[in-house]
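J.: For reference, this is target_2.cif, and it has mmCIF, C-alpha atoms.
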```
data_target
loop_
_atom_site.label_atom_id
_atom_site.label_comp_id
_atom_site.auth_asym_id
_atom_site.auth_seq_id
_atom_site.Cartn_x
_atom_site.Cartn_y
_atom_site.Cartn_z
CA MET A 130 -19.62 -30.96 94.62
CA SER A 131 -19.24 -31.65 90.91
CA PRO A 132 -16.74 -34.49 90.16
CA THR A 133 -14.80 -34.55 86.93
CA ARG A 134 -16.94 -36.19 84.25
CA VAL A 135 -15.60 -39.59 83.22
CA SER A 136 -16.99 -42.59 81.40
CA LYS A 137 -19.10 -44.97 83.47
CA THR A 138 -16.94 -48.08 83.20
CA PRO A 139 -13.62 -46.60 84.49
CA TYR A 140 -15.56 -44.95 87.35
CA LEU A 141 -17.15 -48.26 88.36
CA LEU A 142 -13.78 -50.00 88.21
CA LEU A 143 -12.23 -47.27 90.31
CA ALA A 144 -15.06 -47.41 92.84
CA ALA A 145 -14.75 -51.18 93.07
CA CYS A 146 -10.98 -50.89 93.50
CA VAL A 147 -11.41 -48.34 96.30
CA ALA A 148 -14.07 -50.46 97.99
CA ALA A 149 -11.85 -53.54 97.79
CA ALA A 150 -8.89 -51.63 99.23
CA LEU A 151 -10.95 -50.23 102.09
CA ALA A 152 -12.44 -53.63 102.79
CA ALA A 153 -8.94 -55.10 102.89
CA CYS A 154 -7.79 -52.40 105.30
CA SER A 155 -10.79 -53.04 107.58
CA GLY A 156 -10.18 -56.74 107.74
CA GLY A 157 -12.67 -57.57 105.00
CA ARG A 158 -15.79 -56.32 106.82
CA THR A 159 -18.48 -55.19 104.42
CA GLY A 160 -21.51 -55.33 106.64
CA GLY A 161 -22.47 -54.26 110.13
CA SER A 162 -24.45 -51.39 111.56
CA GLU A 163 -21.71 -48.85 111.05
CA ALA A 164 -18.41 -48.37 109.28
CA SER A 165 -15.50 -49.63 111.36
CA PRO A 166 -12.19 -47.76 111.37
CA PRO A 167 -9.76 -49.84 109.28
CA LYS A 168 -6.57 -51.29 110.61
CA SER A 169 -3.39 -49.41 109.77
CA SER A 170 -2.12 -50.12 106.24
CA GLY A 171 1.44 -49.46 107.35
CA GLY A 172 1.64 -46.25 105.30
CA PRO A 173 0.83 -42.62 106.04
CA THR A 174 -2.80 -41.55 106.26
CA ALA A 175 -4.01 -39.00 103.70
CA VAL A 176 -7.37 -38.23 105.33
CA THR A 177 -9.65 -39.58 108.05
CA ILE A 178 -13.34 -39.77 107.13
CA ASN A 179 -15.85 -40.49 109.90
CA GLY A 180 -13.03 -42.01 111.94
CA GLU A 181 -11.84 -44.17 109.02
CA ALA A 182 -8.22 -43.67 107.94
CA VAL A 183 -7.68 -43.53 104.19
CA PRO A 184 -4.04 -44.28 103.27
CA GLN A 185 -2.02 -41.95 101.06
CA ALA A 186 -1.32 -44.92 98.77
CA LEU A 187 -5.02 -45.03 97.91
CA LEU A 188 -5.06 -41.33 97.08
CA ASP A 189 -1.94 -41.85 94.94
CA ALA A 190 -3.66 -44.66 93.02
CA PHE A 191 -6.80 -42.56 92.54
CA ALA A 192 -4.78 -39.62 91.20
CA SER A 193 -2.78 -41.88 88.89
CA ILE A 194 -5.91 -43.41 87.35
CA ARG A 195 -7.51 -39.98 86.89
CA GLY A 196 -4.30 -38.38 85.54
CA MET A 197 -4.14 -35.85 88.40
CA ASP A 198 -0.96 -34.26 89.77
CA LEU A 199 -1.10 -34.24 93.57
CA ALA A 200 1.71 -31.68 93.65
CA ASN A 201 -0.78 -29.23 92.15
CA PRO A 202 -2.93 -27.86 95.04
CA GLN A 203 -6.08 -27.50 92.94
CA GLN A 204 -5.78 -31.02 91.50
CA ARG A 205 -5.02 -32.47 94.94
CA GLU A 206 -8.13 -30.82 96.37
CA ARG A 207 -10.24 -32.17 93.50
CA ALA A 208 -8.79 -35.67 93.92
CA MET A 209 -9.43 -35.53 97.66
CA LYS A 210 -13.07 -34.48 97.17
CA GLN A 211 -13.76 -37.20 94.63
CA LEU A 212 -12.05 -39.90 96.69
CA THR A 213 -14.00 -38.72 99.76
CA ASP A 214 -17.24 -39.25 97.82
CA LEU A 215 -16.22 -42.81 97.02
CA VAL A 216 -15.32 -43.53 100.64
CA LEU A 217 -18.61 -42.04 101.89
CA VAL A 218 -20.58 -44.27 99.50
CA ASP A 219 -18.52 -47.26 100.64
CA GLN A 220 -19.31 -46.43 104.26
CA LEU A 221 -23.01 -46.11 103.45
CA ALA A 222 -23.00 -49.48 101.69
CA ARG A 223 -21.33 -51.17 104.66
CA LYS A 224 -23.55 -49.44 107.22
CA ASP A 225 -26.79 -50.39 105.46
CA GLY A 226 -25.64 -53.91 104.60
CA TYR A 227 -25.83 -53.61 100.82
CA ALA A 228 -23.57 -56.66 100.50
CA SER A 229 -26.44 -58.85 101.72
CA ASP A 230 -28.08 -58.29 98.32
CA PRO A 231 -26.69 -60.92 95.90
CA GLY A 232 -26.93 -58.59 92.92
CA PHE A 233 -25.01 -55.84 94.69
CA ALA A 234 -22.38 -58.28 95.97
CA SER A 235 -21.93 -59.73 92.47
CA MET A 236 -21.44 -56.29 90.91
CA VAL A 237 -18.82 -55.40 93.54
CA GLU A 238 -17.04 -58.71 93.03
CA LEU A 239 -17.06 -58.23 89.25
CA GLY A 240 -15.60 -54.74 89.67
CA ARG A 241 -12.95 -56.12 92.02
CA LEU A 242 -11.96 -58.82 89.55
CA GLN A 243 -11.73 -56.31 86.70
CA ALA A 244 -9.71 -53.88 88.82
CA VAL A 245 -7.33 -56.62 90.00
CA SER A 246 -6.91 -57.85 86.42
CA ALA A 247 -6.14 -54.37 85.08
CA ALA A 248 -3.69 -53.64 87.90
CA ALA A 249 -2.03 -57.05 87.54
CA MET A 250 -1.55 -56.55 83.79
CA ARG A 251 0.08 -53.16 84.39
CA HIS A 252 2.29 -54.65 87.11
CA LEU A 253 3.35 -57.59 84.95
CA GLN A 254 4.20 -55.37 82.00
CA LYS A 255 6.17 -53.02 84.26
CA THR A 256 8.14 -55.83 85.94
CA GLU A 257 8.64 -58.07 82.90
CA ALA A 258 12.37 -58.42 82.29
CA ILE A 259 13.14 -57.50 78.67
CA ASP A 260 16.85 -57.29 77.88
CA ASP A 261 18.43 -54.95 75.34
CA ALA A 262 19.31 -57.82 73.02
CA ALA A 263 15.63 -58.74 72.63
CA ILE A 264 14.74 -55.10 72.00
CA ARG A 265 17.47 -54.76 69.38
CA ALA A 266 16.28 -57.93 67.64
CA GLU A 267 12.72 -56.59 67.52
CA TYR A 268 14.00 -53.26 66.19
CA ASP A 269 15.93 -55.04 63.44
CA ARG A 270 12.87 -57.13 62.55
CA GLN A 271 10.55 -54.12 62.32
CA THR A 272 13.00 -51.92 60.43
CA ALA A 273 13.66 -54.70 57.94
CA LYS A 274 9.92 -55.06 57.43
CA GLY A 275 9.43 -51.30 57.02
CA ALA A 276 12.52 -50.69 54.92
CA GLY A 277 12.34 -49.98 51.22
CA MET A 278 10.83 -47.29 49.06
CA ALA A 279 7.81 -45.08 49.52
CA TYR A 280 5.99 -44.10 46.33
CA ASP A 281 3.89 -41.19 45.17
CA PHE A 282 1.83 -42.55 42.29
CA SER A 283 -1.42 -42.36 40.36
CA GLN A 284 -3.61 -45.32 39.59
CA MET A 285 -6.35 -45.72 36.97
CA THR A 286 -8.32 -48.95 37.16
CA TYR A 287 -10.51 -50.30 34.36
CA ALA A 288 -13.08 -53.06 34.27
CA ASP A 289 -11.52 -54.76 31.23
CA GLU A 290 -8.03 -55.27 29.84
CA ALA A 291 -8.75 -53.64 26.48
CA SER A 292 -9.70 -50.30 28.02
CA ALA A 293 -6.66 -50.39 30.26
CA ARG A 294 -4.32 -51.10 27.33
CA LYS A 295 -5.85 -48.25 25.34
CA ALA A 296 -5.24 -45.84 28.22
CA ALA A 297 -1.68 -47.13 28.78
CA ALA A 298 -0.83 -46.61 25.11
CA ALA A 299 -2.26 -43.08 25.08
CA ILE A 300 -0.48 -42.14 28.29
CA GLY A 301 2.80 -43.40 26.87
CA ALA A 302 2.53 -40.98 23.92
CA LYS A 303 1.53 -37.82 25.83
CA PRO A 304 2.28 -36.09 29.12
CA PHE A 305 0.67 -38.10 31.91
CA ASP A 306 -1.33 -35.26 33.51
CA ALA A 307 -3.03 -34.36 30.24
CA THR A 308 -3.92 -37.96 29.43
CA LEU A 309 -5.12 -38.65 32.96
CA ASP A 310 -7.94 -36.12 32.61
CA SER A 311 -8.94 -37.54 29.23
CA TYR A 312 -9.20 -41.14 30.37
CA ARG A 313 -10.30 -40.61 33.98
CA LYS A 314 -14.01 -40.62 33.01
CA ASP A 315 -13.75 -44.11 31.49
CA ALA A 316 -11.90 -45.61 34.44
CA ARG A 317 -13.62 -47.53 37.21
CA SER A 318 -11.51 -45.49 39.62
CA ALA A 319 -8.70 -42.95 39.34
CA ARG A 320 -6.78 -41.90 42.43
CA ASN A 321 -3.52 -40.33 43.55
CA TYR A 322 -1.48 -41.75 46.44
CA THR A 323 1.45 -40.40 48.45
CA GLN A 324 4.09 -42.12 50.55
CA VAL A 325 2.81 -45.65 50.00
CA ARG A 326 5.23 -48.42 50.96
CA ALA A 327 5.62 -51.57 48.92
CA ALA A 328 4.62 -53.64 51.98
CA GLN A 329 1.24 -51.85 52.04
CA VAL A 330 0.09 -53.02 48.59
CA THR A 331 -0.34 -56.36 46.86
CA PRO A 332 2.79 -58.16 45.60
CA ALA A 333 1.71 -57.57 41.98
CA MET A 334 1.36 -53.82 42.49
CA ALA A 335 4.59 -53.66 44.51
CA ALA A 336 6.47 -55.36 41.67
CA ALA A 337 4.97 -52.95 39.14
CA LEU A 338 5.88 -49.90 41.23
CA GLU A 339 9.43 -51.15 41.79
CA ALA A 340 9.87 -51.61 38.02
CA LEU A 341 9.00 -47.96 37.32
CA LYS A 342 11.27 -44.96 37.72
CA PRO A 343 9.88 -41.56 38.78
CA GLY A 344 8.03 -40.05 35.82
CA GLU A 345 7.36 -43.41 34.16
CA THR A 346 3.98 -45.06 33.43
CA SER A 347 3.37 -48.80 33.23
CA LYS A 348 3.42 -49.93 29.60
CA GLU A 349 1.36 -53.00 30.41
CA PRO A 350 -1.72 -52.80 32.69
CA VAL A 351 -1.44 -54.69 35.97
CA GLN A 352 -4.20 -57.15 36.79
CA LEU A 353 -5.39 -56.62 40.36
CA PRO A 354 -8.43 -57.97 42.24
CA GLN A 355 -10.31 -54.71 41.56
CA GLY A 356 -9.55 -54.67 37.82
CA TRP A 357 -6.89 -53.78 35.26
CA THR A 358 -4.69 -50.94 36.51
CA VAL A 359 -2.40 -48.39 34.85
CA LEU A 360 0.24 -46.94 37.20
CA HIS A 361 2.25 -43.74 36.98
CA VAL A 362 5.04 -43.13 39.51
CA ALA A 363 5.66 -39.49 40.41
CA ALA A 364 8.30 -39.99 43.12
CA ALA A 365 10.13 -42.78 44.93
CA ASN A 366 12.04 -42.19 48.16
CA GLU A 367 13.86 -44.37 50.65
CA VAL A 368 11.78 -44.86 53.80
CA PRO A 369 13.66 -43.32 56.76
CA GLN A 370 13.93 -45.53 59.85
CA PRO A 371 13.71 -44.06 63.38
CA PRO A 372 16.89 -44.24 65.50
CA PHE A 373 17.02 -47.17 67.93
CA GLU A 374 17.22 -44.97 71.03
CA GLN A 375 14.13 -43.06 69.93
CA VAL A 376 11.91 -46.15 69.85
CA LYS A 377 13.67 -48.32 72.43
CA ASP A 378 11.22 -47.66 75.28
CA GLY A 379 8.19 -48.22 73.08
CA LEU A 380 9.61 -51.51 71.84
CA ARG A 381 10.27 -52.58 75.42
CA ARG A 382 6.60 -51.97 76.26
CA THR A 383 5.52 -53.86 73.14
CA LEU A 384 7.66 -56.87 74.05
CA ALA A 385 6.49 -56.75 77.67
CA LYS A 386 2.85 -56.79 76.58
CA ARG A 387 3.55 -59.63 74.18
CA SER A 388 5.19 -61.61 76.97
CA VAL A 389 2.22 -61.01 79.28
CA ASP A 390 -0.20 -62.08 76.52
CA GLU A 391 1.78 -65.29 76.07
CA ARG A 392 1.67 -65.92 79.81
CA MET A 393 -2.10 -65.44 79.79
CA ALA A 394 -2.40 -67.91 76.93
CA ARG A 395 -0.44 -70.49 78.98
CA LEU A 396 -2.67 -69.83 82.00
CA ARG A 397 -5.77 -70.48 79.91
CA GLU A 398 -4.32 -73.69 78.46
CA SER A 399 -3.33 -75.10 81.87
CA ALA A 400 -6.43 -73.99 83.78
CA SER A 401 -9.09 -76.49 84.85
CA VAL A 402 -12.40 -74.90 83.90
CA VAL A 403 -15.56 -76.95 84.53
CA GLN A 404 -18.85 -75.31 83.64
CA ALA A 405 -22.11 -76.27 85.31
CA ASP A 406 -24.14 -78.74 83.25
CA PRO A 407 -26.89 -77.85 82.75
CA PRO A 408 -26.03 -74.17 83.21
CA PRO A 409 -28.18 -72.33 85.78
CA ALA A 410 -30.69 -69.83 84.45
CA PRO A 411 -29.56 -66.18 84.41
CA ALA A 412 -30.59 -64.15 87.44
CA SER A 413 -33.00 -62.09 85.31
CA VAL A 414 -34.86 -65.28 84.32
CA GLN A 415 -34.95 -66.52 87.90
CA GLU A 416 -36.34 -63.19 89.10
CA SER A 417 -39.06 -63.19 86.41
CA LYS A 418 -40.26 -66.59 87.56
CA GLY A 419 -40.48 -65.48 91.17
CA PRO A 420 -39.41 -67.50 94.22
CA THR A 421 -39.33 -71.27 93.92
CA PRO A 422 -42.40 -72.72 95.71
CA VAL A 423 -41.69 -74.89 98.73
CA PRO A 424 -43.35 -78.33 98.43
CA PRO A 425 -45.72 -79.26 101.25
CA ALA A 426 -44.42 -81.54 103.97
CA PRO A 427 -45.48 -85.18 103.55
CA ALA A 428 -48.32 -86.40 105.73
CA ALA A 429 -47.52 -88.66 108.64
CA GLY A 430 -46.98 -92.23 107.63
CA GLN A 431 -46.04 -91.40 104.00
#
```
Spit out the file's structure as structure tokens when you get a sec.

T.:
Amino acid sequence: MSPTRVSKTPYLLLAACVAAALAACSGGRTGGSEASPPKSSGGPTAVTINGEAVPQALLDAFASIRGMDLANPQQRERAMKQLTDLVLVDQLARKDGYASDPGFASMVELGRLQAVSAAAMRHLQKTEAIDDAAIRAEYDRQTAKGAGMAYDFSQMTYADEASARKAAAAIGAKPFDATLDSYRKDARSARNYTQVRAAQVTPAMAAALEALKPGETSKEPVQLPQGWTVLHVAAANEVPQPPFEQVKDGLRRTLAKRSVDERMARLRESASVVQADPPPAPASVQESKGPTPVPPAPAAGQ
């Protein structure tokens, strides 16, 4: 069987999530000589593997994470085969007592924590109550920020003011395109831009662009961090704003995520976190040193 190729991290998270769900169904047993049939999860069973019932809810979660449509027979079969592989590995791990190895148990626990965190974040964002008034206020804020003009313009930047003034004077006396080619070689940079909003450039450049009408060139060079700049505006158009209904759902998700992030920040601030002092050595260092020697028992009378 050849499972769909996915990146390693999502696969490990998914495997840990499945293992945690199966362990929960079986009463938390992760050891023993053989896999024990889990207790009923209260939902319908999708498949029974070696006497172990796998709930449909688990298959649904697997398909959702992998982007599979269970209504499609081929995708359902593929999802079932891949989930079966995960369950078989989980059964093997429980049968052979892998959890008795601290490294294995730590990796499973880490995967469980990551899976729970990811699922909890999705659940919080989905259930976060965001009213229409908040969404409208965010829409107004973003549209006000993005409103204004979008410019098509050319920019020639020079290392010194004198060179920039010379180019500006020449451009003012001739058609811009002809002068641009003549003075491009002396410029530090010469570029054309399209659909640039005033909010995307420095205040000094925005002010210079707003002062020019389409077809006009700046009479005075603008001093910018990169040098002295001559601007020529080819076109200026009002930036269209998307209709509220078109972006409403996306804004709701944005606000929900923001609310969850704020909740996480409050959790961090209120949490009591006490680190070991001194911190224990990493497991890799402990393993390299070998087992800690046991001191001999004291002699009688000492």

J.: What does the structure give for the distance between CA of Met236 (chain A) and CA of Pro411 (chain A), in Å to one decimal?

T.: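 Taking CA of Met236 (chain A) and CA of Pro411 (chain A), their separation equals 14.4 Å.
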
J.: Near Gly277 (chain A), within 10 Å and counting only C-alpha atoms, which residues show up once chain neighbours fewer than 6 positions away are dropped, as a PyMOL selection string?

T.: chain A and resi 326-328+339+365-370

J.: Counting all atoms listed in the file, which residues of region 187-209 of chain A fall within 12 Å of region 213-224 of chain A, and what is the closest atom pair for each with its distance in Å at one decimal, ordered by chain and rising number, as CSV?

T.:
```
residue,atom,partner,partner_atom,distance
A:Leu187,CA,A:Val216,CA,10.8
A:Leu188,CA,A:Thr213,CA,9.7
A:Phe191,CA,A:Leu215,CA,10.4
A:Arg205,CA,A:Thr213,CA,12.0
A:Glu206,CA,A:Thr213,CA,10.4
A:Arg207,CA,A:Thr213,CA,9.8
A:Ala208,CA,A:Thr213,CA,8.4
A:Met209,CA,A:Thr213,CA,6.0
```

J.: When the PyMOL selection byres ((chain A and resi 260-276) around 10) is applied to the structure above, which residues does it catch, written out as a ChimeraX atom specification?

T.: /A:257-259,277-279,326-329,367-374,376-384

J.: Mind giving me the straight-line distance from CA of Ser283 (chain A) to CA of Leu338 (chain A) in Å, one decimal?

T.: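 Calculated distance between CA of Ser283 (chain A) and CA of Leu338 (chain A) is 10.5 Å.
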
J.: Could you tell me which residues the PyMOL selection byres ((chain A and resi 319-322) around 6) grabs in this file, written as a list in words?

T.: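 For this structure, the PyMOL selection byres ((chain A and resi 319-322) around 6) captures Asp281, Phe282, Ser283, Gln284, Met285, Ser318 and Thr323 of chain A.
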
J.: Which distance in Å separates CA of Thr346 (chain A) and CA of His361 (chain A), to one decimal?

T.: 4.2 Å

J.: For Gly344 (chain A), please output as a PyMOL selection string all residues within 9 Å (counting only C-alpha atoms; exclusion window: fewer than 6 positions along the same chain).

T.: chain A and resi 305+361-364

J.: Just write the chosen residues, C-alpha atoms, as a short mmCIF file (atom, residue, chain, number, x, y, z; two decimals), keeping the file's coordinate frame.

T.:
```cif
data_model
loop_
_atom_site.label_atom_id
_atom_site.label_comp_id
_atom_site.auth_asym_id
_atom_site.auth_seq_id
_atom_site.Cartn_x
_atom_site.Cartn_y
_atom_site.Cartn_z
CA PHE A 305 0.67 -38.10 31.91
CA HIS A 361 2.25 -43.74 36.98
CA VAL A 362 5.04 -43.13 39.51
CA ALA A 363 5.66 -39.49 40.41
CA ALA A 364 8.30 -39.99 43.12
#
```

J.: Could you add whatever atoms are missing so that region 390-401 of chain A carries all heavy atoms, then write the result as a compact mmCIF listing (two decimals), keeping the file's coordinate frame?

T.:
```txt
# COMPACT_ATOMS: atom_id res chain seq x y z
N ASP A 390 0.84 -61.40 77.30
CA ASP A 390 -0.20 -62.08 76.52
C ASP A 390 0.11 -63.56 76.39
O ASP A 390 -0.79 -64.41 76.47
CB ASP A 390 -0.33 -61.44 75.13
CG ASP A 390 -0.93 -60.05 75.18
OD1 ASP A 390 -1.52 -59.69 76.22
OD2 ASP A 390 -0.79 -59.31 74.19
N GLU A 391 1.39 -63.89 76.18
CA GLU A 391 1.78 -65.29 76.07
C GLU A 391 1.59 -66.01 77.39
O GLU A 391 1.17 -67.18 77.43
CB GLU A 391 3.23 -65.39 75.60
CG GLU A 391 3.43 -64.93 74.16
CD GLU A 391 4.91 -64.81 73.79
OE1 GLU A 391 5.75 -64.96 74.70
OE2 GLU A 391 5.21 -64.55 72.60
N ARG A 392 1.88 -65.31 78.49
CA ARG A 392 1.67 -65.92 79.81
C ARG A 392 0.19 -66.18 80.04
O ARG A 392 -0.19 -67.23 80.59
CB ARG A 392 2.22 -65.01 80.91
CG ARG A 392 2.05 -65.59 82.30
CD ARG A 392 2.56 -64.67 83.39
NE ARG A 392 4.00 -64.49 83.32
CZ ARG A 392 4.71 -63.90 84.29
NH1 ARG A 392 4.11 -63.44 85.37
NH2 ARG A 392 6.01 -63.76 84.17
N MET A 393 -0.66 -65.24 79.64
CA MET A 393 -2.10 -65.44 79.79
C MET A 393 -2.57 -66.63 78.96
O MET A 393 -3.43 -67.40 79.40
CB MET A 393 -2.84 -64.17 79.36
CG MET A 393 -2.90 -63.08 80.41
SD MET A 393 -3.65 -63.60 81.97
CE MET A 393 -5.24 -64.20 81.41
N ALA A 394 -2.02 -66.78 77.77
CA ALA A 394 -2.40 -67.91 76.93
C ALA A 394 -2.03 -69.23 77.61
O ALA A 394 -2.81 -70.20 77.59
CB ALA A 394 -1.72 -67.81 75.57
N ARG A 395 -0.85 -69.27 78.27
CA ARG A 395 -0.44 -70.49 78.98
C ARG A 395 -1.35 -70.74 80.18
O ARG A 395 -1.68 -71.90 80.49
CB ARG A 395 1.02 -70.37 79.43
CG ARG A 395 2.02 -70.38 78.27
CD ARG A 395 3.44 -70.60 78.76
NE ARG A 395 3.89 -69.52 79.63
CZ ARG A 395 4.50 -68.42 79.20
NH1 ARG A 395 4.73 -68.25 77.91
NH2 ARG A 395 4.91 -67.49 80.06
N LEU A 396 -1.77 -69.67 80.86
CA LEU A 396 -2.67 -69.83 82.00
C LEU A 396 -4.00 -70.43 81.54
O LEU A 396 -4.56 -71.30 82.21
CB LEU A 396 -2.91 -68.48 82.68
CG LEU A 396 -1.78 -67.93 83.55
CD1 LEU A 396 -2.14 -66.54 84.05
CD2 LEU A 396 -1.52 -68.86 84.73
N ARG A 397 -4.51 -69.96 80.42
CA ARG A 397 -5.77 -70.48 79.91
C ARG A 397 -5.64 -71.97 79.55
O ARG A 397 -6.54 -72.76 79.82
CB ARG A 397 -6.22 -69.70 78.67
CG ARG A 397 -6.57 -68.25 78.93
CD ARG A 397 -7.18 -67.60 77.70
NE ARG A 397 -7.17 -66.15 77.80
CZ ARG A 397 -6.27 -65.36 77.24
NH1 ARG A 397 -5.29 -65.90 76.52
NH2 ARG A 397 -6.32 -64.06 77.39
N GLU A 398 -4.51 -72.31 78.90
CA GLU A 398 -4.32 -73.69 78.46
C GLU A 398 -4.19 -74.65 79.64
O GLU A 398 -4.66 -75.80 79.58
CB GLU A 398 -3.07 -73.79 77.59
CG GLU A 398 -3.22 -73.09 76.23
CD GLU A 398 -1.91 -73.07 75.45
OE1 GLU A 398 -0.91 -73.60 75.98
OE2 GLU A 398 -1.89 -72.54 74.32
N SER A 399 -3.57 -74.20 80.73
CA SER A 399 -3.33 -75.10 81.87
C SER A 399 -4.43 -75.07 82.91
O SER A 399 -4.44 -75.88 83.83
CB SER A 399 -1.99 -74.72 82.55
OG SER A 399 -2.05 -73.39 83.06
N ALA A 400 -5.38 -74.13 82.76
CA ALA A 400 -6.43 -73.99 83.78
C ALA A 400 -7.45 -75.13 83.67
O ALA A 400 -7.75 -75.62 82.58
CB ALA A 400 -7.13 -72.65 83.61
N SER A 401 -7.98 -75.54 84.80
CA SER A 401 -9.09 -76.49 84.85
C SER A 401 -10.38 -75.69 84.98
O SER A 401 -10.63 -75.07 86.01
CB SER A 401 -8.92 -77.44 86.05
OG SER A 401 -10.06 -78.26 86.19
```
